[in-house]
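With JSON, C-alpha atoms inside, this is entry03.json:
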[["chain", "number", "residue", "atom", "x", "y", "z"],
["G", 2, "MET", "CA", 184.20, 58.43, 138.74],
["G", 3, "GLU", "CA", 183.46, 57.53, 142.31],
["G", 4, "ASP", "CA", 180.14, 58.23, 143.97],
["G", 5, "ARG", "CA", 180.30, 59.96, 147.29],
["G", 6, "THR", "CA", 177.73, 61.05, 149.80],
["G", 7, "ILE", "CA", 177.69, 64.80, 150.25],
["G", 8, "ASP", "CA", 177.02, 66.10, 153.73],
["G", 9, "LEU", "CA", 175.22, 69.40, 153.35],
["G", 10, "ILE", "CA", 175.06, 72.18, 155.89],
["G", 11, "PRO", "CA", 171.51, 73.55, 155.95],
["G", 12, "VAL", "CA", 171.09, 77.10, 154.60],
["G", 13, "GLU", "CA", 169.10, 79.20, 157.03],
["G", 14, "GLY", "CA", 165.69, 80.16, 155.68],
["G", 15, "HIS", "CA", 165.91, 77.83, 152.66],
["G", 16, "SER", "CA", 164.76, 74.28, 153.28],
["G", 17, "SER", "CA", 165.79, 73.00, 149.84],
["G", 18, "LEU", "CA", 169.31, 74.47, 149.87],
["G", 19, "GLY", "CA", 172.45, 73.10, 151.47],
["G", 20, "ARG", "CA", 176.11, 74.10, 151.49],
["G", 21, "ASP", "CA", 178.75, 71.54, 150.54],
["G", 22, "ALA", "CA", 181.38, 71.73, 153.28],
["G", 23, "ASP", "CA", 184.20, 70.69, 150.90],
["G", 24, "SER", "CA", 183.59, 73.09, 148.00],
["G", 25, "ASN", "CA", 181.50, 75.71, 149.84],
["G", 26, "ALA", "CA", 178.97, 75.49, 146.98],
["G", 27, "ILE", "CA", 175.26, 76.02, 147.58],
["G", 28, "LEU", "CA", 173.27, 73.06, 146.24],
["G", 29, "ASN", "CA", 169.55, 72.82, 145.56],
["G", 30, "THR", "CA", 168.15, 69.53, 146.85],
["G", 31, "ASP", "CA", 164.62, 70.02, 145.48],
["G", 32, "THR", "CA", 164.54, 67.25, 142.87],
["G", 33, "GLY", "CA", 160.95, 68.06, 141.93],
["G", 34, "ALA", "CA", 161.91, 71.60, 140.95],
["G", 35, "TYR", "CA", 164.94, 70.29, 139.05],
["G", 36, "ASN", "CA", 162.83, 67.78, 137.13],
["G", 37, "ALA", "CA", 160.28, 70.51, 136.32],
["G", 38, "TYR", "CA", 163.11, 72.71, 135.03],
["G", 39, "ILE", "CA", 164.45, 69.92, 132.80],
["G", 40, "LYS", "CA", 160.97, 69.24, 131.39],
["G", 41, "ALA", "CA", 160.37, 72.96, 130.75],
["G", 42, "ARG", "CA", 163.74, 73.23, 128.99],
["G", 43, "GLU", "CA", 162.95, 70.22, 126.79],
["G", 44, "ASN", "CA", 159.54, 71.69, 125.94],
["G", 45, "ALA", "CA", 161.13, 75.03, 125.02],
["G", 46, "LYS", "CA", 163.62, 73.28, 122.73],
["G", 47, "LYS", "CA", 160.78, 71.32, 121.11],
["G", 48, "LYS", "CA", 158.83, 74.55, 120.50],
["G", 49, "ASP", "CA", 161.93, 76.14, 118.97],
["G", 50, "ARG", "CA", 162.38, 73.19, 116.61],
["G", 51, "THR", "CA", 158.70, 73.31, 115.65],
["G", 52, "LEU", "CA", 158.93, 77.04, 114.97],
["G", 53, "ASP", "CA", 162.04, 76.54, 112.84],
["G", 54, "ASP", "CA", 160.24, 73.82, 110.86],
["G", 55, "LEU", "CA", 157.24, 76.09, 110.30],
["G", 56, "LYS", "CA", 159.47, 78.94, 109.14],
["G", 57, "LYS", "CA", 161.12, 76.64, 106.62],
["G", 58, "GLU", "CA", 157.75, 75.43, 105.36],
["G", 59, "VAL", "CA", 156.55, 79.03, 104.92],
["G", 60, "ASP", "CA", 159.73, 79.86, 103.01],
["G", 61, "ASP", "CA", 159.17, 76.82, 100.78],
["G", 62, "LEU", "CA", 155.58, 77.91, 100.11],
["G", 63, "LYS", "CA", 156.75, 81.44, 99.25],
["G", 64, "ASP", "CA", 159.21, 79.99, 96.76],
["G", 65, "LEU", "CA", 156.46, 77.88, 95.17],
["G", 66, "VAL", "CA", 154.16, 80.90, 94.85],
["G", 67, "ARG", "CA", 156.97, 82.95, 93.27],
["G", 68, "ASP", "CA", 157.64, 80.15, 90.79],
["G", 69, "LEU", "CA", 153.95, 79.95, 89.89],
["G", 70, "ILE", "CA", 153.76, 83.72, 89.38],
["G", 71, "LYS", "CA", 156.83, 83.64, 87.14],
["G", 72, "LYS", "CA", 155.27, 80.87, 85.03],
["G", 73, "GLU", "CA", 152.04, 82.86, 84.66],
["G", 74, "ASP", "CA", 153.96, 85.97, 83.54],
["G", 75, "LYS", "CA", 155.62, 84.10, 80.64]]
Could I get this structure in the form of structure tokens?
Amino acid sequence: MEDRTIDLIPVEGHSSLGRDADSNAILNTDTGAYNAYIKARENAKKKDRTLDDLKKEVDDLKDLVRDLIKKEDK
């Protein structure tokens, strides 16, 4: 894949946006905002994994309590 420099046409009223003359796409050039988005997405995924792990641990504890109750009833 070849790297190419993209000449962007400034979007009026938006300093961090530019239009690609070849594809007509609007591109965001604010790398700080992009990096913040990537970090926020990674943090959200990490929280989801942690929550899933906690749910599994709670389910395991429930199973252990049920087993203990069954043993006591015998």
Write out as AutoDock Vina command-line options an axis-aligned box for segment 12-15 of chain G: all of its atoms listed in the file, 4 Å added on each side, centre and edge lengths in Å with one decimal.
--center_x 168.4 --center_y 78.6 --center_z 154.8 --size_x 13.4 --size_y 11.1 --size_z 12.4
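Of the listed residues G:Asp49, G:Lys57, G:Glu73, G:Ile27, the one whose atoms come nearest to Val12 of chain G is G:Ile27, with distances taken using only C-alpha atoms.
Using all atoms listed in the file, the smallest distance between any of G:Asp54, G:Ser17, G:Lys48, G:Leu69 and Gly33 of chain G comes from G:Ser17.
Each of G:Lys47, G:Leu9, G:Asp60, G:Ala41 was checked against Leu28 of chain G using all atoms listed in the file; the smallest atom-to-atom distance is that of G:Leu9.
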- Can you tell me how far atom CA of Pro11 of chain G sits from atom CA of Asn25 of chain G, in Å to one decimal? 11.9 Å
